[in-house]
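Asks: Below is the file query-v9.cif, with mmCIF, C-alpha atoms.
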```cif
data_entry
#
loop_
_atom_site.label_atom_id
_atom_site.label_comp_id
_atom_site.auth_asym_id
_atom_site.auth_seq_id
_atom_site.Cartn_x
_atom_site.Cartn_y
_atom_site.Cartn_z
CA LEU A 1 25.71 118.53 166.02
CA GLY A 2 26.31 120.01 169.47
CA ALA A 3 22.79 121.42 169.61
CA TYR A 4 21.25 118.04 168.74
CA ARG A 5 23.44 116.34 171.36
CA ARG A 6 22.16 118.73 174.05
CA ALA A 7 18.56 118.27 172.89
CA GLU A 8 19.03 114.50 172.97
CA SER A 9 20.28 114.58 176.57
CA LEU A 10 17.38 116.79 177.68
CA ALA A 11 14.62 114.99 175.80
CA GLU A 12 15.52 111.38 176.77
CA GLY A 13 16.09 110.03 173.30
CA ARG A 14 13.38 111.83 171.35
CA TRP A 15 15.97 113.55 169.13
CA SER A 16 18.00 110.42 168.43
CA ALA A 17 17.21 110.24 164.71
CA GLU A 18 18.03 113.93 164.21
CA LEU A 19 21.27 113.59 166.19
CA ALA A 20 22.25 110.54 164.15
CA ARG A 21 21.55 112.34 160.86
CA ALA A 22 23.70 115.26 161.99
CA ALA A 23 26.47 112.84 162.97
CA LEU A 24 26.26 111.16 159.55
CA GLU A 25 26.46 114.52 157.78
CA ALA A 26 29.51 115.35 159.90
CA GLY A 27 31.13 112.04 158.93
CA GLN A 28 30.93 110.66 162.47
CA LEU A 29 29.63 107.18 161.64
CA PRO A 30 30.55 105.51 164.97
CA MET A 31 28.64 108.18 166.87
CA ALA A 32 25.58 107.84 164.61
CA ARG A 33 25.59 104.08 165.04
CA SER A 34 26.01 104.30 168.81
CA VAL A 35 23.17 106.80 169.21
CA LEU A 36 20.80 104.80 167.05
CA GLU A 37 21.61 101.43 168.60
CA ALA A 38 20.91 102.85 172.06
CA ALA A 39 17.70 104.52 170.89
CA ALA A 40 16.50 101.38 169.08
CA ALA A 41 17.11 99.35 172.22
CA ARG A 42 14.94 101.80 174.19
CA ALA A 43 12.22 101.83 171.51
CA PRO A 44 12.41 98.51 169.61
CA HIS A 45 9.05 99.13 167.90
CA ASP A 46 10.01 102.48 166.37
CA ALA A 47 10.25 101.95 162.60
CA VAL A 48 11.92 105.34 162.05
CA LEU A 49 14.78 104.50 164.41
CA GLN A 50 15.26 101.06 162.84
CA HIS A 51 15.29 102.70 159.41
CA GLU A 52 17.86 105.28 160.45
CA LEU A 53 19.96 102.59 162.12
CA GLY A 54 19.90 100.58 158.89
CA LEU A 55 21.10 103.58 156.90
CA ALA A 56 23.89 104.31 159.40
CA LEU A 57 25.06 100.70 159.33
CA ARG A 58 24.99 100.70 155.54
CA GLU A 59 27.09 103.86 155.40
CA GLY A 60 29.55 102.28 157.82
CA GLY A 61 29.90 99.17 155.66
CA ASP A 62 28.01 96.79 157.97
CA LEU A 63 25.68 95.51 155.28
CA ALA A 64 24.52 92.46 157.24
CA GLY A 65 23.60 94.68 160.20
CA ALA A 66 21.88 97.12 157.87
CA ALA A 67 19.78 94.31 156.40
CA ARG A 68 18.71 93.19 159.87
CA ALA A 69 17.68 96.69 160.94
CA LEU A 70 15.82 97.41 157.70
CA SER A 71 14.05 94.05 157.94
CA VAL A 72 12.79 95.05 161.36
CA ALA A 73 11.68 98.43 159.98
CA CYS A 74 9.74 96.65 157.21
CA ARG A 75 7.97 94.46 159.76
CA LEU A 76 7.05 97.52 161.82
CA ALA A 77 5.87 99.55 158.80
CA PRO A 78 4.66 96.93 156.31
CA ALA A 79 2.97 99.47 154.00
CA ASN A 80 6.12 101.52 153.42
CA ALA A 81 7.42 100.75 149.91
CA ARG A 82 10.57 102.83 150.39
CA LEU A 83 11.71 100.64 153.30
CA PHE A 84 11.36 97.48 151.23
CA ALA A 85 13.26 99.10 148.36
CA GLU A 86 16.14 100.16 150.61
CA LEU A 87 16.24 96.67 152.12
CA GLY A 88 16.35 95.25 148.60
CA HIS A 89 19.35 97.39 147.67
CA VAL A 90 21.26 96.24 150.75
CA GLN A 91 20.38 92.60 150.06
CA ARG A 92 21.49 93.09 146.46
CA ALA A 93 24.84 94.42 147.68
CA LEU A 94 25.15 91.38 149.97
CA GLY A 95 24.61 89.08 147.01
CA ASP A 96 21.38 87.69 148.48
CA LEU A 97 19.46 87.89 145.21
CA GLU A 98 16.46 85.80 146.27
CA ALA A 99 15.82 88.07 149.25
CA ALA A 100 16.42 91.21 147.18
CA ARG A 101 13.93 90.03 144.57
CA ALA A 102 11.29 89.48 147.27
CA SER A 103 11.92 92.94 148.76
CA PHE A 104 11.74 94.76 145.43
CA ARG A 105 8.61 92.84 144.51
CA ALA A 106 7.06 93.93 147.84
CA ALA A 107 8.05 97.55 147.11
CA ALA A 108 6.53 97.37 143.61
CA GLU A 109 3.29 95.92 145.00
CA ARG A 110 3.01 98.71 147.55
CA ALA A 111 3.84 101.50 145.08
CA PRO A 112 2.81 100.23 141.63
CA ASP A 113 3.21 103.67 140.03
CA ASP A 114 6.86 103.99 141.07
CA ALA A 115 8.91 102.82 138.08
CA ALA A 116 12.11 102.68 140.14
CA HIS A 117 10.87 99.67 142.11
CA ARG A 118 10.00 97.72 138.97
CA LEU A 119 13.37 98.56 137.43
CA SER A 120 15.16 97.43 140.59
CA LEU A 121 13.20 94.19 140.44
CA GLY A 122 14.25 93.84 136.80
CA ASP A 123 17.89 94.44 137.71
CA VAL A 124 17.82 91.60 140.24
CA ALA A 125 15.97 89.33 137.82
CA LEU A 126 18.74 89.95 135.29
CA ALA A 127 21.41 89.19 137.89
CA MET A 128 19.61 85.88 138.50
CA GLY A 129 19.65 85.08 134.78
CA ASP A 130 16.01 85.90 134.02
CA CYS A 131 16.55 88.09 130.94
CA GLU A 132 12.92 87.75 129.88
CA LEU A 133 11.45 89.14 133.11
CA ALA A 134 14.00 91.98 133.16
CA ALA A 135 13.09 92.93 129.58
CA ASP A 136 9.35 92.71 130.29
CA LEU A 137 9.65 95.04 133.30
CA ALA A 138 11.73 97.53 131.29
CA ARG A 139 9.15 97.53 128.48
CA GLU A 140 6.31 98.09 130.98
CA VAL A 141 8.07 101.21 132.23
CA LEU A 142 8.82 102.43 128.70
CA GLU A 143 5.17 102.10 127.70
CA ALA A 144 4.28 104.72 130.30
CA ALA A 145 7.53 106.72 130.07
CA PRO A 146 9.29 106.30 126.67
CA ASP A 147 12.16 108.55 127.72
CA ASP A 148 13.06 106.68 130.91
CA VAL A 149 16.83 106.33 130.60
CA THR A 150 17.16 103.60 133.24
CA ALA A 151 14.53 101.48 131.50
CA HIS A 152 16.40 101.75 128.18
CA GLU A 153 19.61 100.71 129.97
CA LEU A 154 17.93 97.72 131.62
CA LEU A 155 16.44 96.61 128.31
CA GLY A 156 19.88 96.95 126.71
CA ARG A 157 21.54 94.91 129.47
CA ALA A 158 18.88 92.20 129.15
CA ALA A 159 19.42 92.03 125.39
CA LEU A 160 23.20 91.90 125.86
CA GLU A 161 22.88 89.06 128.36
CA ALA A 162 20.64 87.21 125.90
CA GLY A 163 23.25 87.62 123.16
CA ASP A 164 21.34 90.19 121.09
CA VAL A 165 24.13 92.73 120.68
CA ALA A 166 22.35 94.82 118.02
CA THR A 167 19.26 95.38 120.19
CA ALA A 168 21.47 96.09 123.20
CA ARG A 169 23.45 98.71 121.29
CA GLY A 170 20.22 100.37 120.12
CA GLU A 171 18.87 100.64 123.67
CA PHE A 172 22.13 102.02 125.05
CA GLU A 173 22.26 104.55 122.21
CA ALA A 174 18.68 105.57 123.04
CA ALA A 175 19.70 106.08 126.67
CA ALA A 176 22.76 108.12 125.68
CA ALA A 177 20.70 110.27 123.28
CA ARG A 178 18.25 111.13 126.07
CA ASP A 179 21.02 111.83 128.58
CA PRO A 180 24.41 112.52 126.93
CA ASN A 181 26.07 112.83 130.34
CA ASN A 182 24.92 109.41 131.49
CA ALA A 183 27.93 107.24 132.27
CA SER A 184 25.89 104.02 132.55
CA ALA A 185 24.81 104.28 128.91
CA ARG A 186 28.47 104.56 127.87
CA ILE A 187 29.29 101.53 129.99
CA GLY A 188 26.59 99.60 128.15
CA LEU A 189 27.92 100.71 124.77
CA GLY A 190 31.40 99.64 125.83
CA LEU A 191 30.26 96.19 126.91
CA ALA A 192 28.23 95.80 123.70
CA ALA A 193 31.28 96.67 121.63
CA SER A 194 33.36 94.17 123.61
CA LYS A 195 30.78 91.43 123.02
CA ALA A 196 30.90 92.27 119.30
CA GLY A 197 34.68 91.80 119.35
CA ASP A 198 35.54 95.49 118.99
CA ALA A 199 37.92 95.92 121.93
CA GLU A 200 39.21 99.33 120.76
CA ARG A 201 35.68 100.79 120.63
CA ALA A 202 34.85 99.16 123.97
CA ILE A 203 37.78 100.77 125.76
CA GLU A 204 37.04 104.10 124.07
CA GLU A 205 33.44 104.05 125.34
CA LEU A 206 34.45 103.04 128.84
CA GLU A 207 37.12 105.71 129.03
CA ALA A 208 34.42 108.19 128.00
CA ALA A 209 32.32 106.86 130.90
CA VAL A 210 35.23 107.53 133.26
CA MET A 211 35.39 111.12 131.99
CA LEU A 212 31.67 111.52 132.71
CA ASP A 213 31.85 109.97 136.19
CA ALA A 214 35.30 109.26 137.58
CA ARG A 215 33.78 108.06 140.86
CA SER A 216 31.78 105.25 139.30
CA ALA A 217 32.93 101.82 140.49
CA GLU A 218 30.65 100.30 137.84
CA THR A 219 32.78 101.86 135.10
CA TYR A 220 36.00 100.38 136.46
CA LEU A 221 34.36 96.97 136.87
CA ALA A 222 33.35 97.09 133.21
CA LEU A 223 36.85 98.22 132.20
CA GLY A 224 38.32 95.36 134.18
CA GLU A 225 35.99 92.91 132.46
CA VAL A 226 37.01 94.14 129.00
CA TYR A 227 40.72 94.22 129.81
CA ALA A 228 40.53 90.67 131.21
CA ARG A 229 38.69 89.46 128.10
CA GLU A 230 41.51 90.90 125.98
CA GLY A 231 44.18 89.26 128.12
CA LEU A 232 45.39 92.58 129.59
CA ILE A 233 45.51 91.15 133.11
CA ASP A 234 47.62 93.89 134.75
CA ASP A 235 45.27 96.57 133.39
CA ALA A 236 42.25 94.56 134.53
CA ILE A 237 43.65 94.22 138.05
CA GLN A 238 44.30 97.97 138.19
CA ALA A 239 40.75 98.69 137.07
CA TYR A 240 39.27 96.37 139.71
CA GLN A 241 41.56 97.91 142.34
CA GLN A 242 40.18 101.34 141.47
CA ALA A 243 36.64 99.98 141.89
CA VAL A 244 37.59 98.78 145.39
CA VAL A 245 39.04 102.20 146.23
CA ILE A 246 35.79 103.87 145.18
CA GLU A 247 33.51 101.35 146.89
CA PRO A 248 35.52 99.56 149.60
CA HIS A 249 32.38 97.79 150.88
CA SER A 250 31.40 96.39 147.47
CA LEU A 251 31.07 92.61 147.35
CA GLU A 252 31.27 92.66 143.54
CA SER A 253 34.55 94.60 143.46
CA HIS A 254 36.31 92.37 145.98
CA VAL A 255 35.09 89.13 144.38
CA ARG A 256 36.13 90.17 140.88
CA LEU A 257 39.53 91.46 142.00
CA GLY A 258 40.18 88.42 144.20
CA THR A 259 39.13 85.95 141.52
CA LEU A 260 41.29 87.58 138.84
CA CYS A 261 44.30 87.71 141.19
CA SER A 262 43.75 84.01 141.94
CA GLU A 263 43.67 83.17 138.23
CA ALA A 264 46.86 85.21 137.76
CA GLY A 265 48.65 83.26 140.50
CA LEU A 266 48.60 86.12 143.04
CA ALA A 267 47.30 83.86 145.80
CA ARG A 268 47.96 86.07 148.83
CA LYS A 269 46.39 89.15 147.29
CA ALA A 270 43.48 87.05 146.04
CA MET A 271 42.67 85.66 149.48
CA ALA A 272 42.83 89.10 151.10
CA HIS A 273 40.05 90.37 148.83
CA LEU A 274 37.99 87.17 148.84
CA GLU A 275 38.08 86.93 152.63
CA LYS A 276 37.00 90.58 152.75
CA ALA A 277 34.07 89.66 150.48
CA VAL A 278 33.01 86.93 152.93
CA GLU A 279 33.36 89.38 155.82
CA LEU A 280 31.15 91.90 154.00
CA ALA A 281 28.55 89.33 152.94
CA PRO A 282 28.74 86.21 155.12
CA SER A 283 25.56 84.81 153.55
CA SER A 284 26.83 85.20 149.97
CA VAL A 285 27.20 81.84 148.27
CA ARG A 286 29.21 83.52 145.54
CA ALA A 287 31.80 84.87 147.99
CA HIS A 288 32.24 81.50 149.71
CA ARG A 289 32.52 79.70 146.37
CA ALA A 290 35.15 82.19 145.21
CA VAL A 291 37.25 81.48 148.32
CA GLY A 292 37.03 77.72 147.82
CA GLN A 293 37.81 77.97 144.12
CA ALA A 294 40.85 80.16 144.84
CA TYR A 295 42.19 77.54 147.25
CA MET A 296 41.66 74.84 144.61
CA ARG A 297 43.58 76.88 142.01
CA ALA A 298 46.41 77.15 144.52
CA GLU A 299 46.27 73.33 144.97
CA ARG A 300 45.20 73.71 148.59
CA ALA A 301 42.29 71.27 148.64
CA PRO A 302 42.22 70.86 152.47
CA ASP A 303 41.79 74.64 152.86
CA ALA A 304 39.08 74.60 150.20
CA VAL A 305 37.27 71.83 152.08
CA ALA A 306 37.49 73.80 155.33
CA ALA A 307 36.06 76.90 153.62
CA TYR A 308 33.20 74.98 152.03
CA GLU A 309 32.35 73.13 155.24
CA ALA A 310 32.25 76.42 157.16
CA ALA A 311 29.78 77.77 154.62
CA ILE A 312 27.65 74.60 154.80
CA ARG A 313 27.59 74.74 158.61
CA GLY A 314 26.42 78.33 158.24
CA GLY A 315 23.35 77.14 156.35
CA LEU A 316 24.49 77.80 152.78
CA GLU A 317 23.25 74.73 150.90
CA SER A 318 23.46 76.07 147.37
CA PRO A 319 23.71 73.25 144.81
CA GLU A 320 26.72 74.93 143.17
CA LEU A 321 28.53 75.36 146.49
CA LEU A 322 27.85 71.73 147.40
CA PHE A 323 29.09 70.68 143.96
CA ASP A 324 32.33 72.63 144.42
CA ALA A 325 32.78 71.07 147.87
CA GLY A 326 32.33 67.63 146.32
CA LEU A 327 35.11 68.35 143.82
CA ALA A 328 37.41 69.42 146.66
CA TYR A 329 36.76 66.19 148.57
CA LYS A 330 37.28 64.19 145.38
CA ALA A 331 40.68 65.89 144.95
CA MET A 332 41.53 64.71 148.49
CA HIS A 333 40.41 61.15 147.59
CA ASP A 334 37.62 61.30 150.20
CA TYR A 335 35.17 59.67 147.86
CA GLY A 336 32.59 58.93 150.53
CA ARG A 337 32.05 62.56 151.49
CA ALA A 338 32.25 63.58 147.82
CA ALA A 339 29.49 61.07 147.00
CA ASP A 340 27.35 62.48 149.83
CA LEU A 341 27.70 66.01 148.47
CA PHE A 342 27.08 65.13 144.83
CA GLY A 343 24.09 63.05 145.94
CA ARG A 344 22.72 66.06 147.83
CA VAL A 345 23.10 68.21 144.70
CA VAL A 346 21.14 65.66 142.67
CA GLN A 347 18.41 65.65 145.33
CA LEU A 348 18.15 69.45 145.20
CA THR A 349 18.37 69.71 141.40
CA PRO A 350 17.63 66.38 139.70
CA GLY A 351 18.59 67.79 136.30
CA HIS A 352 22.13 68.70 137.39
CA GLY A 353 24.02 66.68 134.77
CA ARG A 354 27.51 67.42 136.09
CA ALA A 355 26.55 66.27 139.59
CA VAL A 356 25.07 63.03 138.20
CA ALA A 357 28.28 62.38 136.28
CA GLN A 358 30.51 63.15 139.27
CA LEU A 359 28.39 60.99 141.57
CA ALA A 360 28.84 58.04 139.20
CA ALA A 361 32.58 58.73 138.99
CA VAL A 362 33.21 58.85 142.75
CA ARG A 363 31.10 55.74 143.32
CA ALA A 364 33.27 53.95 140.77
CA LEU A 365 36.37 55.20 142.58
CA GLN A 366 34.94 53.99 145.89
CA PHE A 367 34.43 50.56 144.36
CA LEU A 368 37.99 50.49 143.01
CA ASP A 369 39.30 51.48 146.44
CA ARG A 370 37.44 48.58 148.05
CA VAL A 371 38.67 46.12 145.42
CA THR A 372 42.25 47.34 145.81
CA THR A 373 42.04 47.11 149.58
#
```
Can you turn what I pasted into structure tokens?
Replies:
Amino acid sequence: LGAYRRAESLAEGRWSAELARAALEAGQLPMARSVLEAAAARAPHDAVLQHELGLALREGGDLAGAARALSVACRLAPANARLFAELGHVQRALGDLEAARASFRAAAERAPDDAAHRLSLGDVALAMGDCELAADLAREVLEAAPDDVTAHELLGRAALEAGDVATARGEFEAAAARDPNNASARIGLGLAASKAGDAERAIEELEAAVMLDARSAETYLALGEVYAREGLIDDAIQAYQQAVVIEPHSLESHVRLGTLCSEAGLARKAMAHLEKAVELAPSSVRAHRAVGQAYMRAERAPDAVAAYEAAIRGGLESPELLFDAGLAYKAMHDYGRAADLFGRVVQLTPGHGRAVAQLAAVRALQFLDRVTT
């Protein structure tokens, strides 16, 4: 690290990337970030520096900053599939699924023979509810590489999401047979058992996954999900807490833990984790919705309204977020603003039956208010 620092001072920034890598390896994240930010300012058209800056910001937990730097790197090196893939993973962690899907699709187009990019695209498609596309992408990979463990897992997850537990179990078993030390396959088997109503088998499989990889936040998230489904709330909270310890910058871990604490009446603890989720991913509709919903559970509609309006001012016009905001205004008897929000939802998604029903209800309440007045 000292040698790179001396070289950097003598060579006027030409060793910035190497110095930053050395700082990262030494665990000196602030130094790596500082070096790369200064170097990127001196050479704003250097894709390598923007890439390295993105990685440093990601390691330091600044996912929004990492996404910005990697986006710049992609613009500067538009043929580089790896850059688009890394941007996609950061966007995925931020909960920006639309952007992640576009980035992984760009990576797959630039490197069509790289199965990892297609599987990442399938993972995001599944997170967005497109089980069919996720399954199709997994099958494409398996046609060329029948022993691809990740493809079997993705196909199993798609089947599980679609409600086909038997197919899901078969795919997870295929993954486990090809790689007995694969914790993800055990997680899948545990979730499949839970969906089939076999809680004992589910917990057994997930505990086996912990034995295979005790540093896997994914395992503890799955354990928390199963415990919560079985009504073991304290155990679920402990599992989600462990996921946060392992991945303190994980949006998923904070949202799940905060939401469960909110449902359990632990309002202060819930808000600490949900506000952290918003800090980590300020453009995440899911995080903002979770905050508003937690306030509503705590019967704090004015705080929920303030949270939703802050998100809307920030440009987050998701139909579901607008719908939630409408419910909060309705709870405060502000039927005019509620009608505006439900009307906006109907404009964005004409088939949104709940919004149509709520719009009719608040208009009726407005009419009754006028008659009463």
Asks: When the PyMOL selection byres ((chain A and resi 350-367) around 9) is applied to the file above, which residues end up in the set, as a short mmCIF file (atom, residue, chain, number, x, y, z; two decimals) with C-alpha atoms, in the frame of the given file?
Replies:
```cif
data_model
loop_
_atom_site.label_atom_id
_atom_site.label_comp_id
_atom_site.auth_asym_id
_atom_site.auth_seq_id
_atom_site.Cartn_x
_atom_site.Cartn_y
_atom_site.Cartn_z
CA PRO A 319 23.71 73.25 144.81
CA PHE A 323 29.09 70.68 143.96
CA GLY A 326 32.33 67.63 146.32
CA LEU A 327 35.11 68.35 143.82
CA LYS A 330 37.28 64.19 145.38
CA HIS A 333 40.41 61.15 147.59
CA ASP A 334 37.62 61.30 150.20
CA TYR A 335 35.17 59.67 147.86
CA GLY A 336 32.59 58.93 150.53
CA ALA A 338 32.25 63.58 147.82
CA ALA A 339 29.49 61.07 147.00
CA ASP A 340 27.35 62.48 149.83
CA LEU A 341 27.70 66.01 148.47
CA PHE A 342 27.08 65.13 144.83
CA GLY A 343 24.09 63.05 145.94
CA VAL A 345 23.10 68.21 144.70
CA VAL A 346 21.14 65.66 142.67
CA GLN A 347 18.41 65.65 145.33
CA LEU A 348 18.15 69.45 145.20
CA THR A 349 18.37 69.71 141.40
CA LEU A 368 37.99 50.49 143.01
CA ASP A 369 39.30 51.48 146.44
CA ARG A 370 37.44 48.58 148.05
CA VAL A 371 38.67 46.12 145.42
CA THR A 372 42.25 47.34 145.81
#
```
Asks: Hey, can you pull every residue with an atom no more than 7 Å from (40.9, 81.4, 145.0), using all atoms listed in the file, and send it as a PyMOL selection string?
Replies: chain A and resi 259+262+267+270-271+290-298
Asks: Which residues are near A:Ala145? Cut-off 10 Å, only C-alpha atoms, ignore same chain within fewer than 6 positions. Put them as an MDAnalysis selection string.
Replies: chainID A and resid 115 139 151
Asks: Separation of atom CA of A:Arg286 and atom CA of A:Leu154, in Å?
Replies: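 About the pair atom CA of A:Arg286 and atom CA of A:Leu154: they are 22.9 Å apart.
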Asks: Residues near A:Gly122, anyone? I mean within 7 Å using only C-alpha atoms, not counting same-chain ones fewer than 2 positions away, as a VMD selection string.
Replies: chain A and resid 118 to 120 124 to 126 133 to 134 137
Asks: Using the chain letters and numbers from the file, which residues does the PyMOL selection byres ((chain A and resi 186) around 8) grab, as a list in words?
Replies: Phe172, Ala176, Asn182, Ala183, Ser184, Ala185, Ile187, Gly188, Leu189, Gly190, Glu205, Leu206, Ala208 and Ala209 of chain A
Asks: For stretch 301-308 of chain A, I'd like the enclosing box, axis-aligned and padded by 5 Å on every side, reported as AutoDock Vina command-line options with centre and edge lengths in Å to one decimal.
Replies:
```
--center_x 37.7 --center_y 73.9 --center_z 152.0 --size_x 19.1 --size_y 16.0 --size_z 16.7
```
Asks: Between atom CA of A:Asp96 and atom CA of A:Ala111, what is the distance in Å, rounded to a tenth?
Replies: 22.6 Å
Asks: So what does the PyMOL selection byres ((chain A and resi 306) around 12) actually pick up in this one, as a ChimeraX atom specification?
Replies: /A:288-289,291-293,295-296,300-305,307-313,325,328-329
Asks: Compile the contact shell of stretch 236-239 of chain A as number ranges by chain: residues with an atom at most 6 Å away, counting only C-alpha atoms, same-chain residues fewer than 2 positions apart removed.
Replies: A: 220, 224, 227-228, 233-234, 241-242
Asks: For a test of reading the model, state the distance in Å between atom CA of A:Asp62 and atom CA of A:Gly88, rounded to one decimal.
Replies: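 Interatomic distance here is 15.0 Å.
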Asks: Which residue is closest to A:Asp198? Choose from A:Glu230, A:Glu109, A:Glu225, A:Asp136 and count all atoms listed in the file.
Replies: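 The shortest atom-to-atom distance to A:Asp198 comes from A:Glu230.
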Asks: Mind checking which residues fall within 12 Å of A:Phe84, counting only C-alpha atoms, ignoring those fewer than 4 positions away in the same chain, and posting them as a ChimeraX atom specification?
Replies: /A:51,54,67,69-80,88-91,99-111,117,120-121
Asks: Compare A:Leu49, A:Ala277, A:Val149, A:Leu232 by their minimum atom-to-atom distance to A:Leu251, counting only C-alpha atoms, and give me the closest one.
Replies: A:Ala277
Asks: For each of A:His273, A:Arg215, A:Arg169, A:Arg178, take the minimum atom-to-atom distance to A:Lys195, counting all atoms listed in the file, then give the residue where this is smallest.
Replies: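 When distances to A:Lys195 are compared using all atoms listed in the file, the smallest one comes from A:Arg169.
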